[in-house]
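Below: the structure, in structure tokens.
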Amino acid sequence: MEPVTFLEAIRQALFEEMDRDPAVICIGEDISVYGGAFKVTAGLLERFGWERVIDTPISETAIIGAACGMSYLGLRPVVELQFVDFIACCFNQLTNFVAKSNYRWGAPVPMVVRAPSGGGVHGGPFHSGNPEMYFMHTPGLKIVYPSTPYDAKGLMKAAIRDNNPVLFFEHKFLYRRIKEALPAEDYVVPLGQAMVRRKGSDLTIVSYAAMAHTSLEAAAELAKEGIEAEVIDLRTLVPLDQETIVNSVKKTNKILIVHEDTRTGGIAGEIAAILNEQAFEHLDGPITRVTALDTPVPYSPPLEERFLPQLADIVRAARDLARF
Amino acid sequence: MEPVTFLEAIRQALFEEMDRDPAVICIGEDISVYGGAFKVTAGLLERFGWERVIDTPISETAIIGAACGMSYLGLRPVVELQFVDFIACCFNQLTNFVAKSNYRWGAPVPMVVRAPSGGGVHGGPFHSGNPEMYFMHTPGLKIVYPSTPYDAKGLMKAAIRDNNPVLFFEHKFLYRRIKEALPAEDYVVPLGQAMVRRKGSDLTIVSYAAMAHTSLEAAAELAKEGIEAEVIDLRTLVPLDQETIVNSVKKTNKILIVHEDTRTGGIAGEIAAILNEQAFEHLDGPITRVTALDTPVPYSPPLEERFLPQLADIVRAARDLARF
Amino acid sequence: MFPKNTLRPAWPPPMHNTAKNNGRAKVTASPALTREQHLDLYFFMALNRAVEEAMVRLFRQNKIVGGLYSSLGQEAVSVGTAYALEKRDWMAPMIRNIGSLLVKGVPPRDIFTQHMARYTSPTKGKDGTSHFGDLKNLHIVSPISMLGDLIPVMTGVAMAGRYLGQKIVAMTWIGDGGSSTGAFHEGLNLAAVQRAPLVLVLENNQWAYSTPVSRQVPLRDLADRARAYGVHSAIVDGNDVAAVYQTAKAAVDRCRAGQGPVLIEAKTMRMRGHAQHDPAEYVPQGMFEYWKARDPIERCEKFLTANKLWDAKTKSEIHARIDGLIKADLEFAENSPLPPPELAEQGVYCEGPLCLEPRWERPIAEVTPPGCSVQAAWKVSDPGSIEAGQAMPGAPLAKFTRMEKTPAAPRSPAKGSTKKIAARSKGRR
Amino acid sequence: MFPKNTLRPAWPPPMHNTAKNNGRAKVTASPALTREQHLDLYFFMALNRAVEEAMVRLFRQNKIVGGLYSSLGQEAVSVGTAYALEKRDWMAPMIRNIGSLLVKGVPPRDIFTQHMARYTSPTKGKDGTSHFGDLKNLHIVSPISMLGDLIPVMTGVAMAGRYLGQKIVAMTWIGDGGSSTGAFHEGLNLAAVQRAPLVLVLENNQWAYSTPVSRQVPLRDLADRARAYGVHSAIVDGNDVAAVYQTAKAAVDRCRAGQGPVLIEAKTMRMRGHAQHDPAEYVPQGMFEYWKARDPIERCEKFLTANKLWDAKTKSEIHARIDGLIKADLEFAENSPLPPPELAEQGVYCEGPLCLEPRWERPIAEVTPPGCSVQAAWKVSDPGSIEAGQAMPGAPLAKFTRMEKTPAAPRSPAKGSTKKIAARSKGRR
Ligand SMILES: Cc1ncc(C[n+]2csc(CCOP(=O)(O)OP(=O)(O)O)c2C)c(N)n1
Ligand SMILES: Cc1ncc(C[n+]2csc(CCOP(=O)(O)OP(=O)(O)O)c2C)c(N)n1
Ligand SMILES: [Mg+2]
Ligand SMILES: [Mg+2]
């Protein structure tokens, strides 16, 4: 098989799931004729027609609401938000209507919300967001944030087949920058399983999405200095694979968490709390975090570079931690 | 001075600030003739008239947006959300427009968003929320969550005089349940200062709002067993008074964080991360948390009781930690 | 949904036109109502009021958890509109639509147990008041507190029903105050542009909590909201149950015929405070008297009497039936346990199978044609603007959803042809 | 706001009607335009286009950071509307309103440096494109990307201006697509109910990204959106700059006279893709040709020539001035540095004094009368509904905001009388 991009992997998953199950439909802004702002839905209209590839007015609340209503009749809508930043415009429908539906009255909401996210492409304060923690803090939603084409395709299939609302973050920096050959047959990557991308014994680096790649680069740098970092790619944030993290820390006794999201209230804190509960006596150094600044995402390249965690920041923090 | 309720303390702050500064106006749903759902603005209309006590349509996005626009002309609007849960309906205006304004283009937004919040009154999934972490994770907003009438009045005045957007959470369980005599003269409680409510040496309990009271009760229980807990009331979540927390932990070497907010992604995680960075070597036991369940807030009393952290939960966790 | 609750007996109770169609007369397009229909409408209004009166007593006895909202004076709206629905249709009530729930087939006990937060309630105590639903049998979607949010959801229900080939209509309600929310706008606009079979009942009861309509909407007739969406609308005397029913029936028929959503403004008056704790002192002198004289139940009684549609015996039979129902269900509710605390921890996620698999009423092949190929292009005849735009409001649905289908060659997914499209232009914002 | 930026020279450049009123002719209520006004409008449209053409060149040279949006073909809307504003008025542009910024007094260099993310830009590189503003001098509010959000904000600006006694008007723009957002509805509804002096320009350019109007709004005329709010509206040929100006001027006058908000639909066409990366292949054949023949700048040129309002010399003078401006400002922008990385960490919170203290243009005593006492009650004459509701749409503002004032005794805050009110009923939901 020819290697395909991250974007193409997602597109394949949509095609194959829509082929497999007529209950799967796509809904969002500019997804039909145009194929979506990033062309992830390109070709779906031609194959599946107007009834299954639905353009909407610019109204994220209506989109999420309608998808929720569709799911109540057994459909499995896949929503595209043009950029994840616009999720703020449907925050209420998502966190109050959708997330609480099953708990409150036993009405599951099988839907997927796909959203291009993340920085590094000079998108500025409204096109670079990583709002995953808002939703990790909202019981009732599942959250996927893949880093490879293989995972993206397999996790998308799992998300569509899941009977719960799943937020599927697509890091736009990865869309066309990485390629991977995919299996010819149908496969699924189950939600809730992290992946050890590199084995190591000196410390654990936990990350996901674009930062998983930077963390791997950092591990390669560190190896040159004789520091062996174990690198975990979370892949799914909810349910969080606590076991893989805890087991790694029990081995390495040190952990560095890297996220592109802003610092305060980011996932590093949650992992720190979990490790205190489950592996306190195994910690030989402070739980450490390398994160974005606590600011909006600035526009100008030197500012955004300062804002985002850099390879050098990870290497430096890991080195300090290893020496602790 | 006669003791006044928590609610009355806030009302006094509004009266006095509106008296002091004609730039202060109130805006929200049912705040004029009715005096607000909880009567916090009762009497403001009679004293300050229709121009300064503005009823709005049911449209939280419009309210926050309009208040922001007013602040650009130098006014200091005080918004009342009928319940904090409806903040989800203006999430975008708050987090994208208001919070980023000063950073992006140097336009400060001096406004206060008041919101009855918190559980324990059988309000169910949409009238019991503690959404503070959504906003702690949003750079650009300040967050106040007081626990006493004195603090509520003094912090409200500080919030109104601050040149930044301040979310002012009013725990509705406290509204009419606690009383305190207040100074006759004008006073301010500065934002960003935690308060050590009880001194102790065996462990630190950090909390805020209604849970600050429960934590103090727990400390009293623990004292009977010979465990001396230091109790910190955060009062302001942003800016967070890290110093007071860190200094206390350097003394007690153990910390328990109690919050009524749901567990995953709650403030306990953030504090855990901060302490790892600033006091790792002082920790003689795992950073521990007692929090609400990771579910929506259920309606029925036995369910809500299970959902919320209880006195016994705090005592038990503190005891275990002290013995660690 | 929830595992079958053995504590909940069957409903509905015997009715005039028994057995089929959910226990009430099968409604037809005929404008004049039958005697049975008139009596049904009266029965449900009286039941609605009796259920709420019982709850006021429970409230005074401190047996209601949380707030209690009243629809006193508005019963004709809830009952008359819901009565226009068929069993297969979907609805989503708001807080004051107890009457609609009863009409659709919810037994009073569900309403009592919900308000008393008992384990035997539809939500088992997880949520209260009218915050419950039933996907499988009654096709009721639970509201949430945030006003307006049901409108997009019910638009989605309507769209899904159409997609599955079910000829259903979705109905929901909104207050005068709730019509100012963004969700109202986004939802009704989407319904309009999709020509979804949605009936939206705007219950103008003069007040949103303590705020009069004039401070919320600068319109004399709130039905004019519909004009922003090119949506058909109607205004009806909300205290005349037969008029409400007929208006709703016409709207439902229109929707079912594929002519797009309808907004109905029902003018009425909230005869109590916002909720039980609110004495409504802000309501100006005379307003309650004015509307009291127009009480929908009394009006209906007078109508039935004047038109000799009933006699004293029928009336007392109806009320005896209602009393019996209420008594039994109250007893059931009061004897019901509160939920066990552990329940709080369960059910955030759906672990099992879906409770409602899609029910196809059209050939599945139609939506997944093996060789389907649509030309991805917008058509134009008048270059000044887009043809679809000019044609759509009146155009039949089929034309809208399929107008661009051409018999081109089929394309398969992950292979060559679609790749070309993806490559055609690089997507950026 | 930001510390004074010494790198940014004065603006505006010399204009026809120089010096006062922001360098352009003082507009009066007269319907017919003066020669100077016609030439001003032409100048700004041509400048608008020249600025954007320069940016397309920068984009091709990879000097633009992020996306580049075009208003090609829509210049008459941006320019004609903003030209109706006075210096004291406030405006908030959208992404395609470069022309409005220029008219209000923003120099091209600000637009260049913003797009190039330079330290010398109004936001110093923190944000890009037209995402900047100026509270103090030009009274411009910065947009954010989320469509519709400016409408409530500018409603607040308009309300605050009125409260302070300033006779200002607030103007903002929205696209056909953006009119479907909840923020549009909530904002315009609030403006209507408050009778706020807001002019909302709905730029119907046939497309929202790749989606034609017909898939967004089931209306032939988007001006009909106004009907949901009882708001005055107008439709204008968006490619006729004089007509746009006159319509906007009438709207501004109406607002300033306290008659409430106005919605103007300007019909036009987006002559490029959504942004520079979008080839707009989805636009049907013939549409571009149709609208190209109605290019607003060419139309204006023809009009000026036909009416002998200029000669070749005037035209070339104007273009020479534009060329000079562009050249100088481009040079300035290209020579400007990028911001220092540390800047990223600064400015999340405002630490210093407010950049804009309230400017009172009415006696402060009026809003804080020493013995003010308003009766907290709604009035009613027709008990069927609230009087204010019936009267408000046409009623003058004073009546609206003060109608219930009665000369009762003053009450002091934290003491007895108000306490009674607070105690009157226990607030619960
Ligand atoms: C988005 C939102 N904001 C505020 C509230 C609080 N609230 C509950 S009911 C109500 C008044 C509703 O008035 P209306 O829509 O006219 O319905 P009615 O109560 O008259 O039936 C308000 C403000 C809410 N539920 N949702
Ligand atoms: C709330 C929101 N959703 C989606 C987007 C993404 N988006 C940016 S511009 C645009 C199209 C806007 O169309 P229109 O309002 O007609 O303005 P035009 O581009 O035609 O000037 C979209 C969908 C956005 N900016 N905001
Ligand atoms: Mg109402
Ligand atoms: Mg457009």
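Residues in the structure tokens are named by chain (A, B, ... in the order shown) and by number from 1 within that chain; ligands are numbered from 1 in the order shown.
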
Compute the set of protein, DNA and RNA residues whose minimum atom distance to ligand 3 is at most 6 Å, using only C-alpha atoms and all ligand atoms, and state it as a PDB file with N, CA and C atoms, in the first residue's frame.
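The resulting file, pocket06.pdb, is shown below:
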ATOM      1  N   GLY C 175     -40.883  29.608  24.991  1.00  0.00           N
ATOM      2  CA  GLY C 175     -41.579  30.744  25.576  1.00  0.00           C
ATOM      3  C   GLY C 175     -41.290  32.029  24.819  1.00  0.00           C
ATOM      4  N   ASP C 176     -42.047  33.069  25.134  1.00  0.00           N
ATOM      5  CA  ASP C 176     -41.766  34.397  24.576  1.00  0.00           C
ATOM      6  C   ASP C 176     -40.319  34.765  24.908  1.00  0.00           C
ATOM      7  N   GLY C 177     -39.926  34.509  26.150  1.00  0.00           N
ATOM      8  CA  GLY C 177     -38.565  34.838  26.556  1.00  0.00           C
ATOM      9  C   GLY C 177     -37.528  33.996  25.846  1.00  0.00           C
ATOM     10  N   ASN C 204     -46.658  32.486  24.035  1.00  0.00           N
ATOM     11  CA  ASN C 204     -46.519  33.854  24.523  1.00  0.00           C
ATOM     12  C   ASN C 204     -47.447  34.041  25.719  1.00  0.00           C
ATOM     13  N   ASN C 205     -46.868  33.865  26.906  1.00  0.00           N
ATOM     14  CA  ASN C 205     -47.666  33.990  28.137  1.00  0.00           C
ATOM     15  C   ASN C 205     -47.370  35.307  28.849  1.00  0.00           C
ATOM     16  N   GLN C 206     -46.946  36.294  28.069  1.00  0.00           N
ATOM     17  CA  GLN C 206     -46.785  37.682  28.534  1.00  0.00           C
ATOM     18  C   GLN C 206     -45.548  37.904  29.404  1.00  0.00           C
ATOM     19  N   TRP C 207     -45.014  36.860  29.993  1.00  0.00           N
ATOM     20  CA  TRP C 207     -43.930  37.024  30.945  1.00  0.00           C
ATOM     21  C   TRP C 207     -42.817  36.020  30.723  1.00  0.00           C
ATOM     22  N   ALA C 208     -41.602  36.485  30.942  1.00  0.00           N
ATOM     23  CA  ALA C 208     -40.458  35.585  31.079  1.00  0.00           C
ATOM     24  C   ALA C 208     -39.957  35.861  32.489  1.00  0.00           C
TER      25      ALA C 208
END

(message) Can you pull out the residues contacting His282 in chain B? Cut-off 12 Å, using only C-alpha atoms, and skip same-chain residues under 2 positions away; I want them as a list in words.
(response) Gly285 and Pro286 of chain A; Leu203, Val246, Asn247, Ser248, Val249, Lys250, Lys251, Thr252, Asn253, Lys254, Ile255, Leu275, Asn276, Glu277, Gln278, Ala279, Phe280, Asp284, Gly285, Pro286 and Ile287 of chain B

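Taking only C-alpha atoms, the non-local environment of range 207-224 of chain A within 6 Å (same-chain residues fewer than 5 positions away omitted) comprises Tyr145, Pro146, Ser147, Ala229, Asp233, Leu234, Arg235, Val258, Leu311 and Val315 of chain A.
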
Next, the residues of the selection above should be written as a compact mmCIF listing (two decimals), in the first residue's frame with N, CA, C and O atoms.
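Heads up, here's the output in part.txt:
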# COMPACT_ATOMS: atom_id res chain seq x y z
N TYR A 145 -7.35 12.17 20.31
CA TYR A 145 -6.43 13.15 19.72
C TYR A 145 -5.22 12.39 19.18
O TYR A 145 -4.19 12.28 19.83
N PRO A 146 -5.37 11.87 17.95
CA PRO A 146 -4.35 10.96 17.41
C PRO A 146 -3.12 11.69 16.87
O PRO A 146 -3.16 12.89 16.65
N SER A 147 -2.07 10.90 16.64
CA SER A 147 -0.84 11.50 16.14
C SER A 147 -0.31 10.85 14.88
O SER A 147 0.64 11.35 14.29
N ALA A 229 14.64 7.84 27.34
CA ALA A 229 13.28 8.26 27.69
C ALA A 229 12.26 7.29 27.11
O ALA A 229 12.38 6.88 25.95
N ASP A 233 2.35 7.95 23.88
CA ASP A 233 1.40 8.75 23.11
C ASP A 233 0.00 8.38 23.62
O ASP A 233 -0.44 7.24 23.48
N LEU A 234 -0.68 9.33 24.21
CA LEU A 234 -1.96 9.01 24.86
C LEU A 234 -3.04 8.56 23.87
O LEU A 234 -3.89 7.76 24.18
N ARG A 235 -3.08 9.18 22.72
CA ARG A 235 -4.06 8.87 21.66
C ARG A 235 -5.50 9.17 22.05
O ARG A 235 -6.23 9.81 21.30
N VAL A 258 4.12 16.64 28.36
CA VAL A 258 4.28 17.68 27.34
C VAL A 258 2.94 17.92 26.67
O VAL A 258 2.34 17.00 26.14
N LEU A 311 11.18 21.73 20.90
CA LEU A 311 12.05 20.57 21.09
C LEU A 311 13.07 20.85 22.20
O LEU A 311 13.27 20.04 23.11
N VAL A 315 13.83 18.80 25.70
CA VAL A 315 15.14 18.19 25.98
C VAL A 315 15.69 18.74 27.28
O VAL A 315 16.16 17.99 28.14

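Of the listed residues B:Ile25, B:Val40, B:Leu75, B:Val84, the one whose atoms come nearest to ligand 1 is B:Val84, with distances taken using only C-alpha atoms and all ligand atoms.
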
List every residue of chain C that has an atom at most 9 Å from any atom of ligand 1, giving for each one its closest atom pair and the distance in Å to one decimal, counting only C-alpha atoms and all ligand atoms, sorted by chain and then by ascending residue number, as a Markdown table.
| residue | atom | partner | partner_atom_place_in_ligand_line | distance |
| --- | --- | --- | --- | --- |
| C:Tyr69 | CA | ligand 1 | 19 (O) | 8.2 |
| C:Ser70 | CA | ligand 1 | 21 (O) | 8.7 |
| C:Ser71 | CA | ligand 1 | 21 (O) | 7.8 |
| C:Met94 | CA | ligand 1 | 21 (O) | 7.8 |
| C:Ile95 | CA | ligand 1 | 21 (O) | 7.0 |
| C:Arg96 | CA | ligand 1 | 21 (O) | 5.9 |
| C:Asn97 | CA | ligand 1 | 21 (O) | 8.9 |
| C:Ile144 | CA | ligand 1 | 25 (N) | 8.2 |
| C:Ser145 | CA | ligand 1 | 25 (N) | 4.7 |
| C:Met146 | CA | ligand 1 | 26 (N) | 3.7 |
| C:Leu147 | CA | ligand 1 | 26 (N) | 4.2 |
| C:Gly148 | CA | ligand 1 | 1 (C) | 7.0 |
| C:Asp149 | CA | ligand 1 | 1 (C) | 8.2 |
| C:Ile174 | CA | ligand 1 | 15 (O) | 6.0 |
| C:Gly175 | CA | ligand 1 | 15 (O) | 3.3 |
| C:Asp176 | CA | ligand 1 | 16 (O) | 4.0 |
| C:Gly177 | CA | ligand 1 | 15 (O) | 3.5 |
| C:Gly178 | CA | ligand 1 | 15 (O) | 3.7 |
| C:Ser179 | CA | ligand 1 | 15 (O) | 6.7 |
| C:Ser180 | CA | ligand 1 | 15 (O) | 8.4 |
| C:Thr181 | CA | ligand 1 | 1 (C) | 6.6 |
| C:Gly182 | CA | ligand 1 | 1 (C) | 8.8 |
| C:Ala183 | CA | ligand 1 | 1 (C) | 8.7 |
| C:Leu202 | CA | ligand 1 | 15 (O) | 8.7 |
| C:Glu203 | CA | ligand 1 | 21 (O) | 6.9 |
| C:Asn204 | CA | ligand 1 | 16 (O) | 6.6 |
| C:Asn205 | CA | ligand 1 | 20 (O) | 5.5 |
| C:Gln206 | CA | ligand 1 | 20 (O) | 7.0 |
| C:Trp207 | CA | ligand 1 | 20 (O) | 5.0 |
| C:Ala208 | CA | ligand 1 | 13 (O) | 3.2 |
| C:Tyr209 | CA | ligand 1 | 11 (C) | 4.4 |
| C:Ser210 | CA | ligand 1 | 11 (C) | 7.8 |
| C:Thr211 | CA | ligand 1 | 11 (C) | 8.1 |
| C:Pro212 | CA | ligand 1 | 16 (O) | 8.6 |
| C:Val213 | CA | ligand 1 | 16 (O) | 7.7 |
| C:Met269 | CA | ligand 1 | 20 (O) | 8.4 |
| C:Arg270 | CA | ligand 1 | 20 (O) | 6.6 |
| C:Gly273 | CA | ligand 1 | 19 (O) | 8.9 |
| C:His274 | CA | ligand 1 | 19 (O) | 5.9 |
| C:Ala275 | CA | ligand 1 | 19 (O) | 8.4 |

Those same residues - C-alpha atoms - I'd like them written as a PDB file, in the first residue's frame.
ATOM      1  CA  TYR C  69     -43.444  25.374  37.721  1.00  0.00           C
ATOM      2  CA  SER C  70     -47.069  25.955  36.895  1.00  0.00           C
ATOM      3  CA  SER C  71     -48.911  26.017  33.603  1.00  0.00           C
ATOM      4  CA  MET C  94     -40.705  22.534  27.947  1.00  0.00           C
ATOM      5  CA  ILE C  95     -41.216  23.003  31.650  1.00  0.00           C
ATOM      6  CA  ARG C  96     -44.843  24.130  31.309  1.00  0.00           C
ATOM      7  CA  ASN C  97     -45.926  21.364  28.958  1.00  0.00           C
ATOM      8  CA  ILE C 144     -32.665  20.737  29.490  1.00  0.00           C
ATOM      9  CA  SER C 145     -32.937  23.976  31.420  1.00  0.00           C
ATOM     10  CA  MET C 146     -31.115  26.101  28.885  1.00  0.00           C
ATOM     11  CA  LEU C 147     -33.891  27.693  26.866  1.00  0.00           C
ATOM     12  CA  GLY C 148     -33.938  27.231  23.106  1.00  0.00           C
ATOM     13  CA  ASP C 149     -31.697  24.194  22.974  1.00  0.00           C
ATOM     14  CA  ILE C 174     -40.611  27.773  23.419  1.00  0.00           C
ATOM     15  CA  GLY C 175     -41.579  30.744  25.576  1.00  0.00           C
ATOM     16  CA  ASP C 176     -41.766  34.397  24.576  1.00  0.00           C
ATOM     17  CA  GLY C 177     -38.565  34.838  26.556  1.00  0.00           C
ATOM     18  CA  GLY C 178     -36.852  31.809  25.098  1.00  0.00           C
ATOM     19  CA  SER C 179     -37.349  33.173  21.589  1.00  0.00           C
ATOM     20  CA  SER C 180     -34.488  35.588  22.205  1.00  0.00           C
ATOM     21  CA  THR C 181     -31.884  32.867  22.547  1.00  0.00           C
ATOM     22  CA  GLY C 182     -29.320  32.150  19.893  1.00  0.00           C
ATOM     23  CA  ALA C 183     -30.378  28.512  19.865  1.00  0.00           C
ATOM     24  CA  LEU C 202     -44.223  29.804  20.743  1.00  0.00           C
ATOM     25  CA  GLU C 203     -46.137  30.130  23.967  1.00  0.00           C
ATOM     26  CA  ASN C 204     -46.519  33.854  24.523  1.00  0.00           C
ATOM     27  CA  ASN C 205     -47.666  33.990  28.137  1.00  0.00           C
ATOM     28  CA  GLN C 206     -46.785  37.682  28.534  1.00  0.00           C
ATOM     29  CA  TRP C 207     -43.930  37.024  30.945  1.00  0.00           C
ATOM     30  CA  ALA C 208     -40.458  35.585  31.079  1.00  0.00           C
ATOM     31  CA  TYR C 209     -39.958  35.158  34.797  1.00  0.00           C
ATOM     32  CA  SER C 210     -40.523  38.771  35.950  1.00  0.00           C
ATOM     33  CA  THR C 211     -39.854  40.397  32.602  1.00  0.00           C
ATOM     34  CA  PRO C 212     -42.699  41.448  30.321  1.00  0.00           C
ATOM     35  CA  VAL C 213     -42.553  40.589  26.653  1.00  0.00           C
ATOM     36  CA  MET C 269     -51.139  34.179  30.227  1.00  0.00           C
ATOM     37  CA  ARG C 270     -49.080  32.588  32.958  1.00  0.00           C
ATOM     38  CA  GLY C 273     -45.460  33.205  39.359  1.00  0.00           C
ATOM     39  CA  HIS C 274     -42.509  31.874  37.458  1.00  0.00           C
ATOM     40  CA  ALA C 275     -42.347  29.014  39.919  1.00  0.00           C
TER      41      ALA C 275
END

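Ranking A:Arg20, A:Lys172, A:Lys100, A:Arg161 by their shortest atom-to-atom distance to Val78 in chain A, with only C-alpha atoms included, puts A:Arg161 first.
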
Hey, what does DSSP flag as alpha helix (DSSP H) within range 51-256 of chain A? Can you give it to me as a compact mmCIF listing (two decimals) with C-alpha atoms, in the first residue's frame?
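To be explicit, this is the file written out as part.txt:
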# COMPACT_ATOMS: atom_id res chain seq x y z
CA GLU A 60 -22.47 25.51 15.37
CA THR A 61 -25.17 25.27 18.02
CA ALA A 62 -27.67 24.16 15.42
CA ILE A 63 -25.21 21.67 13.98
CA ILE A 64 -24.45 19.98 17.29
CA GLY A 65 -28.10 20.12 18.31
CA ALA A 66 -29.30 18.62 15.05
CA ALA A 67 -26.68 15.90 15.17
CA CYS A 68 -27.83 15.07 18.68
CA GLY A 69 -31.43 14.85 17.53
CA MET A 70 -30.41 12.61 14.64
CA SER A 71 -28.59 10.30 17.00
CA TYR A 72 -31.77 9.86 19.01
CA PHE A 91 -20.35 24.84 24.12
CA ASN A 92 -23.75 24.74 25.72
CA ALA A 99 -22.73 15.22 27.40
CA LYS A 100 -25.42 14.83 30.05
CA SER A 101 -28.01 13.02 27.93
CA ASN A 102 -27.14 9.44 28.79
CA TYR A 103 -26.65 10.09 32.47
CA ARG A 104 -29.82 12.10 32.90
CA TRP A 105 -32.35 10.10 31.00
CA GLU A 132 -9.38 19.51 24.97
CA MET A 133 -9.33 20.22 28.69
CA TYR A 134 -12.70 21.98 28.64
CA PHE A 135 -14.14 18.68 27.53
CA MET A 136 -11.97 16.36 29.57
CA PRO A 149 -2.38 8.21 10.09
CA TYR A 150 -2.81 4.61 11.27
CA ASP A 151 -4.25 5.72 14.60
CA ALA A 152 -6.34 8.45 13.05
CA LYS A 153 -8.09 6.00 10.76
CA GLY A 154 -8.52 3.27 13.34
CA LEU A 155 -9.64 5.64 16.06
CA MET A 156 -12.09 7.38 13.75
CA LYS A 157 -13.71 4.05 13.00
CA ALA A 158 -13.86 3.24 16.70
CA ALA A 159 -15.32 6.67 17.42
CA ILE A 160 -18.05 6.30 14.80
CA ARG A 161 -18.97 2.87 16.13
CA ALA A 210 1.71 16.94 17.35
CA MET A 211 3.69 17.04 20.58
CA ALA A 212 4.03 13.26 20.51
CA HIS A 213 6.27 13.74 17.50
CA THR A 214 8.29 16.47 19.15
CA SER A 215 8.63 14.30 22.23
CA LEU A 216 9.99 11.45 20.12
CA GLU A 217 12.48 13.81 18.57
CA ALA A 218 13.46 14.90 22.05
CA ALA A 219 13.91 11.28 23.10
CA ALA A 220 16.24 10.76 20.16
CA GLU A 221 18.28 13.79 21.21
CA LEU A 222 18.37 12.61 24.80
CA ALA A 223 19.54 9.17 23.75
CA LYS A 224 22.62 10.80 22.30
CA GLN A 242 -3.96 5.51 33.44
CA GLU A 243 -2.50 2.03 33.60
CA THR A 244 0.05 2.56 30.87
CA ILE A 245 1.18 5.84 32.43
CA VAL A 246 1.38 4.44 35.95
CA ASN A 247 3.22 1.29 34.87
CA SER A 248 5.78 3.31 32.98
CA VAL A 249 6.38 5.60 35.93
CA LYS A 250 6.76 2.63 38.24
CA LYS A 251 9.61 1.61 35.95
CA THR A 252 11.26 4.95 35.20

(message) Residues of chain B within 10 Å of chain C, counting only C-alpha atoms, what are they? List them as an MDAnalysis selection string.
(response) chainID B and resid 29:37 54:62 85:86 88:90 121:127 293:307

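Comparing B:Lys179, B:Arg319, B:His137, B:Arg197 by their smallest distance to chain A, the closest is B:His137 (using only C-alpha atoms).
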